[in-house]
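Some notes on the structure that comes next.
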Amino acid sequence: MSNSFSSHKNLETLPDQELYQGLLNNHRSSISQLYREVYPMAKAQLMRMGANEEEVKDAFQEGMVALWKNTKQGKFQLQAETKMSTYLIQICKNHFLEKKRKLPNTGSLHPDQQVERLAEDNFLDHWFKREEMEQLSKHLRMLGERCQKLLKLFYYERESMREIALEMNLGEASAKNEKYRCMQKLKKTYDLG
Amino acid sequence: MESRDQERIDAYLMGKLDEKARQAFEEEINESPELAEAVAQHSRFVHGVEELHFRELLEELHQEGVGQEKNGIKRRKRWPIWSIAAVLLLLLGVFWIFQPNPTSEFSIQLDPGLPTTLGGTNALAFGEGMNAYKQDDYVSARAYWTPLWEAHPQNDTLLFYLAQVDLGEERFQASLEKLEQLIKNEESGFLEKARWYVALSHLKLGQIEAAKALLQDISTRQHPKSKEAQELLKTIP
């Protein structure tokens, strides 16, 4: 497959079930495939609605984040008659329209609103708001490369502590301790900051 | 929070507990407001770290895609002038060789489409396809409608509009196959419209006799396209 954003004519060959599982498990290949395949179609539709390149990128990435969160929270379930691309594009369009109209509480599908509403329903679904993510990013960078790598491997790549220990040339117990200390440090600096 | 607590919460949040252990942990959460608070707080940071890396990946993918698109344009710009001239000459040759048959020169007026309303998931996809169709975005319309049609192969509305998409893309053999399937159903609300477009597809494919037979039938009876059929017949030798 080409590395550039390819034509959405290939959409019919996308195995949605595999993409769904890939999203659940943060698999780069699935996320990458979804991005490359759906972006051109979303771009065409958003531009017809008056979006510029930057707005297309913003709406698409927020749409991807919302799809990813909804998949993990079980809010988005695969159905035989609904393609993942259709759902994703609809979220992107809603995001763009709401941002354009500056109507924060219209009750439609804005990703942040969905997430915040869901957070009220389930205490496990607390997420940082978008503006808080920048702060978190800053504090994560302040932890240093080693901590960043360890937390990424464990929480994002979903590697086991044994795999991480091997990769970082540590004993398993040491890896666990280091991961604990990194997370505690992140929480502390974030709360202080 | 102790290291051991964090490990347990991680295992719970990341779905690594079996059903029995998960239920036991949830009971513990229900009985301990302190544990519930610790889980909620830790969950927020776990999600935060995960989301940051997800967003980083999106940015990386975007840059890769945009970079490739730009490189593609540069490559095209570096084509030497003689290759552009060669392509133009080739296109000119093709144009002369494939001069269309006079009977297939007419343009097809596609069906204006249906009004779109929001409804369930299928209606949403159908409506999105209809919006795309009305804006002549046949590729998107096909992408929306094909999965619906595969799930509902007897749906004559989807079949009719997919045939319109084929016509819009000048895929006349494909449109003919769909429309011929449609006119087998004498009770379809799209029957008469479909007959008209079958005739036009035949004409575009150079199947003059089949087109004439249908157009004569349409022109001699009460049909919404009878006048157009009469006019078209005059242009066919």
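Residues are named by chain letter and number: chains run A, B, ... in the order of the structure tokens, numbers start at 1 in each chain, and ligands are numbered from 1 in the order shown.
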Just want the 12 Å neighbourhood of Leu166 in chain A, counted on only C-alpha atoms, with same-chain residues fewer than 6 positions away dropped. Output as a ChimeraX atom specification. /A:150,153,159-160,172-175
Quick check: residues of chain B within 8 Å of chain A, only C-alpha atoms, returned as number ranges by chain. B: 3, 6, 39-41, 43-55, 57-58, 61, 64-69, 121-122, 125, 139-140, 143-144, 147-148, 151
